[in-house]
$ cat run30.cif   # mmCIF, C-alpha atoms and all ligand atoms
data_input
#
loop_
_atom_site.label_atom_id
_atom_site.label_comp_id
_atom_site.auth_asym_id
_atom_site.auth_seq_id
_atom_site.Cartn_x
_atom_site.Cartn_y
_atom_site.Cartn_z
CA MET A 1 -64.10 166.22 139.14
CA PRO A 2 -63.61 164.65 135.70
CA ALA A 3 -66.72 163.52 133.85
CA VAL A 4 -67.75 161.61 130.71
CA SER A 5 -71.09 161.96 128.96
CA LEU A 6 -72.82 159.25 126.87
CA PHE A 7 -75.76 160.03 124.55
CA SER A 8 -74.89 163.67 125.10
CA GLY A 9 -77.32 165.42 122.74
CA ALA A 10 -76.30 169.07 122.74
CA GLY A 11 -75.08 168.78 126.33
CA ILE A 12 -77.93 170.75 127.90
CA SER A 13 -78.08 168.53 130.98
CA ASP A 14 -74.28 168.24 131.14
CA ILE A 15 -73.91 172.00 131.40
CA GLY A 16 -75.60 171.94 134.83
CA TYR A 17 -73.16 169.30 136.12
CA GLU A 18 -70.28 171.32 134.67
CA LEU A 19 -71.47 174.50 136.42
CA ALA A 20 -71.58 172.52 139.66
CA GLY A 21 -67.90 171.69 139.36
CA PHE A 22 -67.57 168.68 137.04
CA ARG A 23 -65.41 168.87 133.95
CA PHE A 24 -66.43 166.82 130.91
CA HIS A 25 -63.51 165.27 129.03
CA VAL A 26 -65.39 163.03 126.58
CA HIS A 27 -68.84 163.24 124.98
CA VAL A 28 -70.46 160.62 122.74
CA GLU A 29 -73.30 161.63 120.42
CA LEU A 30 -74.50 159.86 117.29
CA ASP A 31 -76.11 162.87 115.63
CA SER A 32 -73.55 165.25 114.15
CA ARG A 33 -75.93 168.23 114.22
CA ARG A 34 -76.57 167.86 117.95
CA ALA A 35 -72.86 167.27 118.57
CA ALA A 36 -71.98 170.44 116.63
CA ILE A 37 -74.04 172.48 119.11
CA GLY A 38 -72.48 170.65 122.04
CA GLN A 39 -68.94 171.10 120.76
CA LYS A 40 -69.28 174.88 120.92
CA ASN A 41 -70.34 174.65 124.54
CA PHE A 42 -67.76 172.08 125.64
CA PRO A 43 -64.76 172.99 123.47
CA HIS A 44 -62.33 171.34 125.90
CA SER A 45 -64.05 167.93 125.56
CA SER A 46 -63.37 165.25 122.91
CA TRP A 47 -66.63 164.71 121.02
CA LEU A 48 -66.97 161.23 119.56
CA VAL A 49 -69.67 161.59 116.92
CA LYS A 50 -70.45 157.89 116.78
CA ASP A 51 -72.79 155.09 117.67
CA LEU A 52 -71.79 154.26 121.23
CA ARG A 53 -72.18 150.54 120.48
CA GLU A 54 -69.19 150.83 118.15
CA ALA A 55 -67.18 153.27 120.23
CA ARG A 56 -66.86 151.69 123.68
CA ASP A 57 -63.07 151.21 123.52
CA GLU A 58 -62.62 154.61 121.98
CA VAL A 59 -64.45 156.25 124.90
CA VAL A 60 -62.12 154.54 127.34
CA SER A 61 -58.96 155.44 125.42
CA ALA A 62 -60.14 159.02 124.77
CA TYR A 63 -60.65 159.48 128.52
CA ARG A 64 -57.33 157.87 129.41
CA GLY A 65 -55.63 160.11 126.84
CA LYS A 66 -56.98 163.16 128.66
CA THR A 67 -56.23 162.45 132.32
CA ASP A 68 -54.88 159.89 134.77
CA ASP A 69 -57.42 160.93 137.40
CA GLN A 70 -60.18 158.55 138.41
CA LEU A 71 -63.39 159.36 136.62
CA ALA A 72 -65.77 161.07 139.06
CA LEU A 73 -68.98 161.10 137.02
CA LEU A 74 -70.33 159.06 134.11
CA ALA A 75 -73.56 160.65 132.84
CA ALA A 76 -75.79 158.66 130.47
CA THR A 77 -79.03 159.96 128.96
CA PRO A 78 -80.02 157.42 126.29
CA PRO A 79 -82.95 158.04 123.94
CA CYS A 80 -86.36 157.14 125.31
CA GLN A 81 -88.83 157.00 122.39
CA GLY A 82 -89.48 153.33 123.02
CA MET A 83 -90.85 153.92 126.48
CA SER A 84 -92.15 157.43 126.24
CA SER A 85 -95.91 157.93 126.38
CA SER A 86 -95.60 159.81 123.07
CA ASN A 87 -94.57 156.60 121.27
CA PRO A 88 -97.59 155.26 119.34
CA SER A 89 -96.25 151.66 119.18
CA ARG A 90 -95.68 151.44 122.92
CA GLY A 91 -97.27 148.26 124.20
CA LYS A 92 -97.40 146.62 120.77
CA ARG A 93 -94.30 144.59 121.42
CA LYS A 94 -94.35 142.56 118.22
CA SER A 95 -94.59 145.31 115.61
CA PRO A 96 -91.36 145.99 113.65
CA LYS A 97 -91.40 149.55 114.95
CA ALA A 98 -91.67 148.29 118.52
CA LYS A 99 -88.72 145.91 117.92
CA GLN A 100 -86.67 148.85 116.71
CA TYR A 101 -87.62 150.75 119.86
CA GLU A 102 -86.72 147.70 121.92
CA GLU A 103 -83.16 147.93 120.60
CA LYS A 104 -83.11 151.58 121.57
CA ASN A 105 -84.30 150.77 125.07
CA ALA A 106 -81.40 148.38 125.56
CA LEU A 107 -78.96 151.23 124.84
CA LEU A 108 -78.92 152.08 128.54
CA LEU A 109 -76.96 148.86 129.08
CA GLU A 110 -74.17 150.17 126.85
CA LEU A 111 -72.85 152.16 129.77
CA ALA A 112 -72.00 148.99 131.72
CA PRO A 113 -68.80 147.93 129.88
CA ILE A 114 -67.55 151.52 129.92
CA ALA A 115 -68.24 151.76 133.64
CA ARG A 116 -66.41 148.48 134.27
CA ALA A 117 -63.39 149.81 132.37
CA LEU A 118 -63.27 153.34 133.81
CA GLU A 119 -64.76 152.65 137.25
CA PRO A 120 -66.41 156.06 137.72
CA ARG A 121 -67.11 156.99 141.32
CA VAL A 122 -70.72 157.83 140.45
CA ILE A 123 -72.93 157.06 137.44
CA VAL A 124 -76.03 159.11 136.69
CA CYS A 125 -78.69 158.02 134.19
CA GLU A 126 -81.84 159.85 133.28
CA ASN A 127 -84.84 158.76 131.24
CA VAL A 128 -88.63 158.79 131.12
CA ARG A 129 -90.36 157.39 134.20
CA GLN A 130 -91.42 154.25 132.34
CA VAL A 131 -87.79 153.07 132.35
CA ARG A 132 -88.27 151.96 135.95
CA THR A 133 -90.86 149.35 135.03
CA HIS A 134 -89.65 148.59 131.53
CA THR A 135 -88.70 144.96 130.86
CA LEU A 136 -86.55 143.29 128.22
CA THR A 137 -86.77 139.69 127.08
CA ARG A 138 -83.66 137.78 128.20
CA GLU A 139 -83.46 134.01 127.61
CA ASP A 140 -87.24 133.89 127.22
CA GLN A 141 -87.71 135.70 130.52
CA GLU A 142 -89.00 139.24 131.00
CA GLN A 143 -86.50 141.05 133.15
CA ARG A 144 -86.64 144.62 134.39
CA LEU A 145 -84.13 146.74 132.45
CA LEU A 146 -82.78 148.34 135.64
CA ASP A 147 -82.32 144.93 137.26
CA ILE A 148 -80.22 143.85 134.26
CA LEU A 149 -78.13 147.01 134.63
CA ASP A 150 -77.76 146.33 138.35
CA GLU A 151 -76.63 142.75 137.65
CA GLN A 152 -74.10 143.96 135.10
CA LEU A 153 -72.56 146.40 137.58
CA PRO A 154 -72.14 144.45 140.84
CA GLY A 155 -69.51 146.95 142.01
CA TYR A 156 -72.20 149.63 142.30
CA ARG A 157 -75.18 150.37 144.55
CA LEU A 158 -78.14 151.46 142.43
CA PHE A 159 -80.50 154.17 143.72
CA GLU A 160 -83.52 155.11 141.63
CA THR A 161 -86.34 157.61 141.83
CA SER A 162 -88.81 159.65 139.80
CA VAL A 163 -88.56 163.40 140.06
CA ASN A 164 -90.79 166.24 138.95
CA VAL A 165 -88.57 169.22 138.19
CA ALA A 166 -91.36 171.61 139.32
CA ASP A 167 -90.54 170.38 142.84
CA TYR A 168 -87.18 172.14 142.50
CA GLY A 169 -88.52 175.58 141.58
CA ILE A 170 -88.41 175.02 137.83
CA PRO A 171 -91.55 176.47 136.22
CA GLN A 172 -92.37 173.27 134.33
CA VAL A 173 -93.94 169.91 135.11
CA ARG A 174 -91.49 167.33 133.87
CA HIS A 175 -91.43 163.86 135.38
CA ARG A 176 -88.24 161.90 134.84
CA ALA A 177 -86.58 158.80 136.22
CA LEU A 178 -83.20 159.38 137.81
CA MET A 179 -80.81 156.54 138.51
CA VAL A 180 -77.65 157.08 140.55
CA LEU A 181 -75.12 154.26 140.88
CA VAL A 182 -72.50 154.74 143.57
CA HIS A 183 -69.26 152.77 143.53
CA ARG A 184 -69.30 150.44 146.52
CA LYS A 185 -65.78 151.59 147.44
CA GLU A 186 -66.97 155.15 148.08
CA PRO A 187 -66.34 155.82 151.78
CA TRP A 188 -69.49 157.95 152.16
CA LEU A 189 -71.86 155.27 150.84
CA ALA A 190 -72.29 153.61 154.25
CA GLY A 191 -72.98 156.99 155.91
CA LEU A 192 -75.57 157.82 153.28
CA GLU A 193 -77.41 154.56 153.93
CA GLN A 194 -77.15 154.83 157.72
CA ARG A 195 -78.70 158.30 157.60
CA SER A 196 -81.46 157.02 155.24
CA LYS A 197 -80.48 159.65 152.69
CA LEU A 198 -80.54 159.46 148.92
CA PRO A 199 -77.99 160.87 146.45
CA TRP A 200 -80.13 163.64 144.96
CA PRO A 201 -81.50 166.95 146.26
CA ARG A 202 -84.51 167.24 148.52
CA PRO A 203 -87.53 168.91 146.82
CA THR A 204 -87.79 172.58 147.74
CA HIS A 205 -91.16 173.34 146.11
CA ALA A 206 -94.53 171.58 145.98
CA HIS A 207 -98.06 171.97 144.64
CA GLU A 208 -99.20 171.97 148.26
CA PRO A 209 -96.07 173.09 150.11
CA ALA A 210 -95.17 171.53 153.43
CA SER A 211 -93.36 173.57 156.06
CA GLY A 212 -90.05 174.88 154.71
CA GLN A 213 -91.16 174.44 151.09
CA LYS A 214 -92.32 177.01 148.56
CA ALA A 215 -95.23 176.82 146.14
CA TRP A 216 -94.57 175.72 142.55
CA VAL A 217 -93.56 178.56 140.23
CA SER A 218 -96.40 179.19 137.79
CA VAL A 219 -95.86 179.94 134.14
CA ARG A 220 -97.53 183.32 134.67
CA GLN A 221 -95.09 184.32 137.43
CA TRP A 222 -92.17 183.15 135.31
CA PHE A 223 -93.21 184.85 132.06
CA LYS A 224 -94.10 188.11 133.83
CA ALA A 225 -90.72 188.12 135.60
CA LEU A 226 -88.80 187.55 132.37
CA LYS A 227 -90.68 190.33 130.54
CA TYR A 228 -90.59 188.83 127.03
CA PRO A 229 -91.49 191.19 124.20
CA ARG A 230 -95.01 190.43 122.94
CA LEU A 231 -95.33 188.22 119.85
CA SER A 232 -98.30 187.21 117.70
CA SER A 233 -98.88 184.59 115.02
CA ARG A 234 -100.97 187.11 113.08
CA SER A 235 -98.19 187.99 110.61
CA ALA A 236 -94.50 187.40 109.87
CA GLU A 237 -93.58 190.78 111.37
CA ALA A 238 -95.60 190.33 114.55
CA ALA A 239 -94.18 186.82 115.04
CA ARG A 240 -90.57 187.99 115.43
CA ASP A 241 -88.61 190.05 117.94
CA THR A 242 -85.02 191.26 117.72
CA HIS A 243 -83.76 188.47 120.01
CA PRO A 244 -82.64 185.70 117.61
CA LEU A 245 -84.48 183.00 119.61
CA HIS A 246 -87.66 184.94 120.30
CA PHE A 247 -89.81 184.19 117.26
CA VAL A 248 -92.75 181.90 116.52
CA PRO A 249 -94.48 180.48 113.44
CA HIS A 250 -97.08 182.74 111.85
CA TYR A 251 -100.40 181.42 110.56
CA ASP A 252 -102.97 181.99 107.87
CA ALA A 253 -106.15 183.84 108.84
CA ASP A 254 -108.15 180.74 109.89
CA ARG A 255 -105.44 179.23 112.01
CA TYR A 256 -104.81 182.54 113.70
CA LEU A 257 -108.55 182.92 114.32
CA LEU A 258 -108.60 179.49 115.96
CA VAL A 259 -105.86 180.50 118.41
CA ARG A 260 -107.16 184.02 119.03
CA SER A 261 -110.64 182.70 119.84
CA ILE A 262 -109.43 180.69 122.84
CA PRO A 263 -109.99 183.02 125.81
CA PRO A 264 -106.66 183.94 127.51
CA HIS A 265 -105.80 182.35 130.87
CA THR A 266 -108.57 179.75 130.57
CA GLY A 267 -106.40 176.77 129.61
CA ARG A 268 -109.16 175.92 127.11
CA SER A 269 -108.84 174.22 123.75
CA ALA A 270 -109.85 175.42 120.27
CA TYR A 271 -112.37 172.53 120.16
CA GLU A 272 -114.24 174.46 122.86
CA ASN A 273 -114.52 177.66 120.78
CA ASP A 274 -118.28 177.96 120.64
CA THR A 275 -119.06 181.21 118.85
CA CYS A 276 -119.63 180.89 115.11
CA PRO A 277 -117.11 183.20 113.39
CA SER A 278 -119.56 183.82 110.52
CA CYS A 279 -122.90 184.59 112.22
CA SER A 280 -121.83 184.95 115.92
CA CYS A 281 -124.40 182.34 116.95
CA ARG A 282 -123.48 180.72 120.27
CA PRO A 283 -123.09 178.32 121.87
CA VAL A 284 -122.40 176.01 118.94
CA PRO A 285 -122.51 172.51 120.46
CA SER A 286 -119.17 170.77 120.83
CA GLY A 287 -118.19 168.22 118.19
CA LEU A 288 -119.60 170.22 115.27
CA ALA A 289 -117.47 171.40 112.34
CA VAL A 290 -120.31 173.44 110.82
CA CYS A 291 -122.48 176.12 112.47
CA PRO A 292 -126.05 174.75 112.77
CA ALA A 293 -127.49 178.27 112.25
CA CYS A 294 -125.69 179.55 109.13
CA ARG A 295 -124.15 176.24 107.86
CA GLU A 296 -120.75 177.93 107.54
CA PRO A 297 -117.63 176.05 108.69
CA MET A 298 -116.54 176.61 112.31
CA ARG A 299 -113.23 178.11 111.17
CA ASN A 300 -112.20 178.78 114.78
CA ARG A 301 -112.18 175.05 115.53
CA PRO A 302 -109.54 172.56 114.29
CA ILE A 303 -111.20 171.48 111.03
CA VAL A 304 -110.18 170.17 107.63
CA MET A 305 -112.18 170.38 104.48
CA GLY A 306 -113.32 166.80 103.84
CA GLU A 307 -114.43 165.59 100.41
CA THR A 308 -117.95 166.88 100.80
CA ARG A 309 -117.98 168.95 103.98
CA PRO A 310 -115.69 170.18 106.75
CA ARG A 311 -114.87 167.83 109.59
CA LEU A 312 -113.08 168.20 112.91
CA ILE A 313 -109.45 167.10 113.05
CA LYS A 314 -109.18 164.17 115.44
CA GLY A 315 -107.29 165.26 118.53
CA PHE A 316 -106.65 164.56 122.18
CA LYS A 317 -108.12 166.56 125.05
CA SER A 318 -104.81 168.40 125.24
CA SER A 319 -104.59 169.22 121.49
CA TYR A 320 -104.96 172.83 120.30
CA ARG A 321 -105.10 173.88 123.94
CA ARG A 322 -103.66 176.86 125.77
CA MET A 323 -101.40 176.01 128.66
CA ARG A 324 -102.76 177.08 132.04
CA SER A 325 -101.09 180.14 133.50
CA ASP A 326 -101.64 179.42 137.22
CA VAL A 327 -99.48 176.27 137.36
CA PRO A 328 -96.01 175.38 136.01
CA ALA A 329 -95.83 174.95 132.23
CA PRO A 330 -96.53 171.50 130.79
CA THR A 331 -93.50 169.42 129.76
CA VAL A 332 -91.50 171.18 127.06
CA THR A 333 -91.28 168.62 124.24
CA THR A 334 -89.37 168.36 120.98
CA ASN A 335 -92.43 169.54 119.02
CA SER A 336 -93.00 172.70 121.03
CA SER A 337 -94.05 174.63 117.91
CA HIS A 338 -96.97 172.31 116.93
CA ILE A 339 -100.23 173.84 118.09
CA GLY A 340 -102.02 170.52 117.57
CA SER A 341 -99.77 168.83 120.11
CA ASP A 342 -100.29 168.82 123.90
CA ASN A 343 -100.96 172.21 125.55
CA LYS A 344 -98.66 174.13 123.25
CA ILE A 345 -100.47 177.47 123.01
CA HIS A 346 -99.26 180.45 125.04
CA PRO A 347 -101.47 181.04 128.12
CA TRP A 348 -102.62 184.47 127.00
CA GLN A 349 -100.89 185.53 123.75
CA HIS A 350 -102.03 184.19 120.36
CA ARG A 351 -99.17 181.88 119.46
CA VAL A 352 -97.01 178.96 120.63
CA LEU A 353 -93.93 179.57 122.80
CA SER A 354 -90.76 180.92 121.25
CA ILE A 355 -87.50 178.95 121.37
CA LEU A 356 -86.23 181.44 123.95
CA GLU A 357 -89.23 180.80 126.22
CA CYS A 358 -88.81 177.01 125.86
CA ALA A 359 -85.08 177.26 126.60
CA ASP A 360 -85.81 179.37 129.68
CA LEU A 361 -88.46 176.92 130.91
CA GLN A 362 -85.78 174.25 130.58
CA THR A 363 -83.44 176.62 132.49
CA VAL A 364 -80.77 176.45 129.79
CA PRO A 365 -78.26 179.16 130.74
CA ARG A 366 -78.65 182.25 128.58
CA PHE A 367 -74.94 182.03 127.71
CA PHE A 368 -75.50 178.66 125.97
CA ASP A 369 -74.04 178.95 122.47
CA TRP A 370 -76.58 178.02 119.76
CA SER A 371 -74.47 179.36 116.89
CA ALA A 372 -73.92 175.92 115.30
CA ALA A 373 -77.69 175.58 114.72
CA PHE A 374 -77.90 179.08 113.25
CA GLU A 375 -74.88 178.53 111.01
CA SER A 376 -76.44 175.39 109.52
CA GLY A 377 -79.85 177.11 109.20
CA ARG A 378 -81.42 174.47 111.44
CA THR A 379 -83.10 176.44 114.19
CA TYR A 380 -85.84 173.76 114.48
CA LEU A 381 -83.07 171.54 115.87
CA ILE A 382 -82.86 173.85 118.87
CA ARG A 383 -86.48 173.03 119.72
CA ASN A 384 -85.65 169.32 119.42
CA VAL A 385 -82.63 169.35 121.70
CA ILE A 386 -84.34 171.59 124.24
CA GLY A 387 -87.24 169.13 124.46
CA GLU A 388 -84.97 166.12 125.07
CA ALA A 389 -83.03 167.34 128.07
CA LEU A 390 -83.22 167.27 131.83
CA PRO A 391 -83.28 170.98 132.81
CA SER A 392 -79.82 172.42 133.38
CA TYR A 393 -80.85 173.93 136.72
CA PHE A 394 -81.87 170.50 138.02
CA THR A 395 -78.54 168.95 136.98
CA TYR A 396 -76.77 171.93 138.57
CA LEU A 397 -78.54 171.22 141.88
CA HIS A 398 -77.85 167.51 141.53
CA GLY A 399 -74.21 168.16 140.60
CA GLN A 400 -73.78 170.27 143.72
CA VAL A 401 -74.92 167.49 146.04
CA LEU A 402 -72.88 164.87 144.18
CA ARG A 403 -69.80 167.03 144.39
CA CYS A 404 -70.24 167.50 148.15
CA LEU A 405 -70.69 163.74 148.60
CA LEU A 406 -67.60 163.00 146.53
CA GLU A 407 -65.65 165.55 148.57
CA ALA A 408 -67.00 164.00 151.78
CA ASP A 409 -68.54 167.33 152.77
CA ASP A 410 -70.97 166.39 155.55
CA SER A 411 -72.80 169.71 155.40
CA VAL A 412 -74.68 168.37 152.35
CA TYR A 413 -76.80 165.86 154.28
CA PRO A 414 -79.68 168.23 155.19
CA LYS A 415 -79.98 169.06 151.48
CA LEU A 416 -80.43 165.44 150.39
CA ALA A 417 -83.70 163.64 149.79
CA CYS A 418 -84.70 161.17 152.52
CA ARG A 419 -85.62 157.55 152.05
CA GLU A 420 -89.33 157.13 152.87
C1 LIG A 501 -82.32 162.02 125.40
S1 LIG A 501 -81.18 162.61 124.23
C2 LIG A 501 -79.91 163.27 125.25
C3 LIG A 501 -80.17 164.63 125.75
C4 LIG A 501 -78.99 165.25 126.42
N1 LIG A 501 -78.82 164.75 127.75
C5 LIG A 501 -79.08 166.76 126.46
O1 LIG A 501 -79.09 167.31 127.53
O2 LIG A 501 -79.14 167.42 125.40
C6 LIG A 501 -80.45 161.14 123.63
C7 LIG A 501 -79.35 161.35 122.63
O3 LIG A 501 -78.75 160.09 122.32
C8 LIG A 501 -78.35 160.10 120.97
N2 LIG A 501 -78.17 158.70 120.53
C9 LIG A 501 -79.14 157.84 120.14
N3 LIG A 501 -78.62 156.64 119.86
C10 LIG A 501 -77.28 156.74 120.08
C11 LIG A 501 -76.20 155.82 119.95
N4 LIG A 501 -76.40 154.56 119.55
N5 LIG A 501 -74.95 156.25 120.24
C12 LIG A 501 -74.74 157.54 120.64
N6 LIG A 501 -75.73 158.45 120.78
C13 LIG A 501 -76.99 158.06 120.51
C14 LIG A 501 -79.46 160.86 120.27
O4 LIG A 501 -79.02 161.41 119.03
C15 LIG A 501 -79.82 161.93 121.30
O5 LIG A 501 -79.15 163.13 121.06
#
$ encode --input "run30.cif" --output "structure tokens" --more "lines below"
Ligand SMILES: C[S@@+](CC[C@H](N)C(=O)[O-])C[C@H]1O[C@@H](n2cnc3c(N)ncnc32)[C@H](O)[C@@H]1O
Amino acid sequence: MPAVSLFSGAGISDIGYELAGFRFHVHVELDSRRAAIGQKNFPHSSWLVKDLREARDEVVSAYRGKTDDQLALLAATPPCQGMSSSNPSRGKRKSPKAKQYEEKNALLLELAPIARALEPRVIVCENVRQVRTHTLTREDQEQRLLDILDEQLPGYRLFETSVNVADYGIPQVRHRALMVLVHRKEPWLAGLEQRSKLPWPRPTHAHEPASGQKAWVSVRQWFKALKYPRLSSRSAEAARDTHPLHFVPHYDADRYLLVRSIPPHTGRSAYENDTCPSCSCRPVPSGLAVCPACREPMRNRPIVMGETRPRLIKGFKSSYRRMRSDVPAPTVTTNSSHIGSDNKIHPWQHRVLSILECADLQTVPRFFDWSAAFESGRTYLIRNVIGEALPSYFTYLHGQVLRCLLEADDSVYPKLACRE
């Protein structure tokens, strides 16, 4: 089942498809540091470390140089900053930054000429959910990006959905758009449509499980099962374990106090710390940076020393907040080590999550080779690539159903999602 990957990153999502029986022959990734990690994990593949817009022909010839077999899978996971809810210029279409993002959003369309040349049997694209409503301006008309893609690939039937990976037993809430384009010549396409089935797996877990489903896996269940050695941000020594990926940033006394003061398992934020660390007066009303009783700074709240007096750092409801332990973890993002970002603090220990814990929440196989990041001294890059990927276990499940469809194995139908 030969495969090609576009916008490959470090190949974290590709590894799931590969474990399900696909074999990647070509990868395309602009960033050489991400590609260096990927190369170690897909040593048999040709890595084109290039801008895809300038490497279309090269992708086709690299694939043809590898095999005469028809391409089974083309996987494309373009960047999504332009549409992601974490993009501050989203919605401000006319700003220069937004224009730059607009170009990035159109990158999804780069797969079309490659697909027309290689005619893969199936194309899979993944992105943030907003991609499904995102529009581009074409000849003064706003047109949905996915409709443009559909128009450019008339030989394919486009299926699209939004998935939450927690619905597949992954201990993390992560909503993504999944697009699957099936070549109209595939003999099983008609059967799929007649049975009202869709080319991705049926959810097995739910927040409120229906019959035959299981409950979501909570972060507490997951962390307890994996038995991670305890870490603390109190000091450099306490912040590190012997496992090379199990370490966290350590903080100065005030920052550590801020984290330690959030009661474990409450899912509360440091803005809600209401006991004055100087005089123990409580409750100090919310919104104050200074204790009204002793006039000392509330050092266990997110504050900065302003010109004349301390003030609270502006933040969202989710900033400086512990993740809840009774539900799946929040989405693992590229900035998983920033305590001021959304729900980044460990549910009960006094720290953020380690790289190992983030990789496990993203179900990256433990055998994944990170040595390229260690060799270049860029371990922060591991957090970035982990936060950008569709979990490997999800792509493994998806790869299994795609492989059965491509092999015309009818036993797969009960495992497929149904059209509503
Ligand atoms: C969402 S990430 C892909 C994540 C990947 N699926 C994984 O599992 O690691 C998008 C990737 O596209 C790359 N990229 C951005 N623009 C590109 C371009 N013009 N050509 C090739 N790659 C590009 C980025 O460097 C980034 O690694």
$ residues_near_ligand --input "run30.cif" --ligand "ligand LIG 501 (chain A)" --cutoff "6 Å" --atoms "only C-alpha atoms and all ligand atoms" --output "list in words"
Phe7, Ser8, Gly9, Ala10, Gly11, Ile12, Ser13, Val28, Glu29, Leu30, Asp31, Lys50, Asp51, Leu52, Arg53, Thr77, Pro78, Pro79, Val385, Glu388, Ala389 and Leu390 of chain A
$ residues_around --input "run30.cif" --residues "A:Ala3" --least-positions-apart "6" --cutoff "8 Å" --atoms "all atoms listed in the file" --output "ChimeraX atom specification"
/A:22-26,71-75
$ atom_distance --input "run30.cif" --atom1 "atom CA of A:Arg157" --atom2 "atom CA of A:Ala112"
13.3 Å
$ closest_atom_pairs --input "run30.cif" --of "stretch 307-407 of chain A" --to "stretch 198-216 of chain A" --cutoff "7 Å" --atoms "all atoms listed in the file" --output "Markdown table"
| residue | atom | partner | partner_atom | distance |
| --- | --- | --- | --- | --- |
| A:Pro328 | CA | A:Trp216 | CA | 6.7 |
| A:Leu397 | CA | A:Pro201 | CA | 6.8 |
| A:His398 | CA | A:Trp200 | CA | 5.7 |
| A:Val401 | CA | A:Trp200 | CA | 6.6 |
| A:Leu402 | CA | A:Pro199 | CA | 6.9 |
$ write_last_selection --input "run30.cif" --atoms "C-alpha atoms" --output "compact mmCIF listing (two decimals), in the coordinates of the input"
# COMPACT_ATOMS: atom_id res chain seq x y z
CA PRO A 328 -96.01 175.38 136.01
CA LEU A 397 -78.54 171.22 141.88
CA HIS A 398 -77.85 167.51 141.53
CA VAL A 401 -74.92 167.49 146.04
CA LEU A 402 -72.88 164.87 144.18
$ residues_around --input "run30.cif" --residues "A:Asp150" --least-positions-apart "3" --cutoff "12 Å" --atoms "only C-alpha atoms" --output "number ranges by chain"
A: 108-109, 111-112, 115, 123, 143-147, 153-160, 179-183
$ build_atoms --input "run30.cif" --residues "stretch 392-404 of chain A" --atoms "N, CA and C atoms" --output "compact mmCIF listing (two decimals), in the frame of the given file"
# COMPACT_ATOMS: atom_id res chain seq x y z
N SER A 392 -81.18 172.15 132.90
CA SER A 392 -79.82 172.42 133.38
C SER A 392 -79.80 172.81 134.86
N TYR A 393 -80.84 173.52 135.31
CA TYR A 393 -80.85 173.93 136.72
C TYR A 393 -80.98 172.70 137.63
N PHE A 394 -81.75 171.71 137.20
CA PHE A 394 -81.87 170.50 138.02
C PHE A 394 -80.51 169.79 138.10
N THR A 395 -79.83 169.67 136.94
CA THR A 395 -78.54 168.95 136.98
C THR A 395 -77.50 169.76 137.76
N TYR A 396 -77.66 171.09 137.75
CA TYR A 396 -76.77 171.93 138.57
C TYR A 396 -76.98 171.60 140.05
N LEU A 397 -78.26 171.55 140.47
CA LEU A 397 -78.54 171.22 141.88
C LEU A 397 -78.04 169.82 142.21
N HIS A 398 -78.28 168.89 141.29
CA HIS A 398 -77.85 167.51 141.53
C HIS A 398 -76.32 167.43 141.58
N GLY A 399 -75.69 168.15 140.65
CA GLY A 399 -74.21 168.16 140.60
C GLY A 399 -73.63 168.71 141.89
N GLN A 400 -74.29 169.71 142.46
CA GLN A 400 -73.78 170.27 143.72
C GLN A 400 -73.79 169.24 144.84
N VAL A 401 -74.89 168.48 144.94
CA VAL A 401 -74.92 167.49 146.04
C VAL A 401 -73.95 166.33 145.75
N LEU A 402 -73.83 165.95 144.50
CA LEU A 402 -72.88 164.87 144.18
C LEU A 402 -71.46 165.31 144.50
N ARG A 403 -71.17 166.55 144.15
CA ARG A 403 -69.80 167.03 144.39
C ARG A 403 -69.50 167.03 145.89
N CYS A 404 -70.45 167.50 146.70
CA CYS A 404 -70.24 167.50 148.15
C CYS A 404 -70.04 166.07 148.66
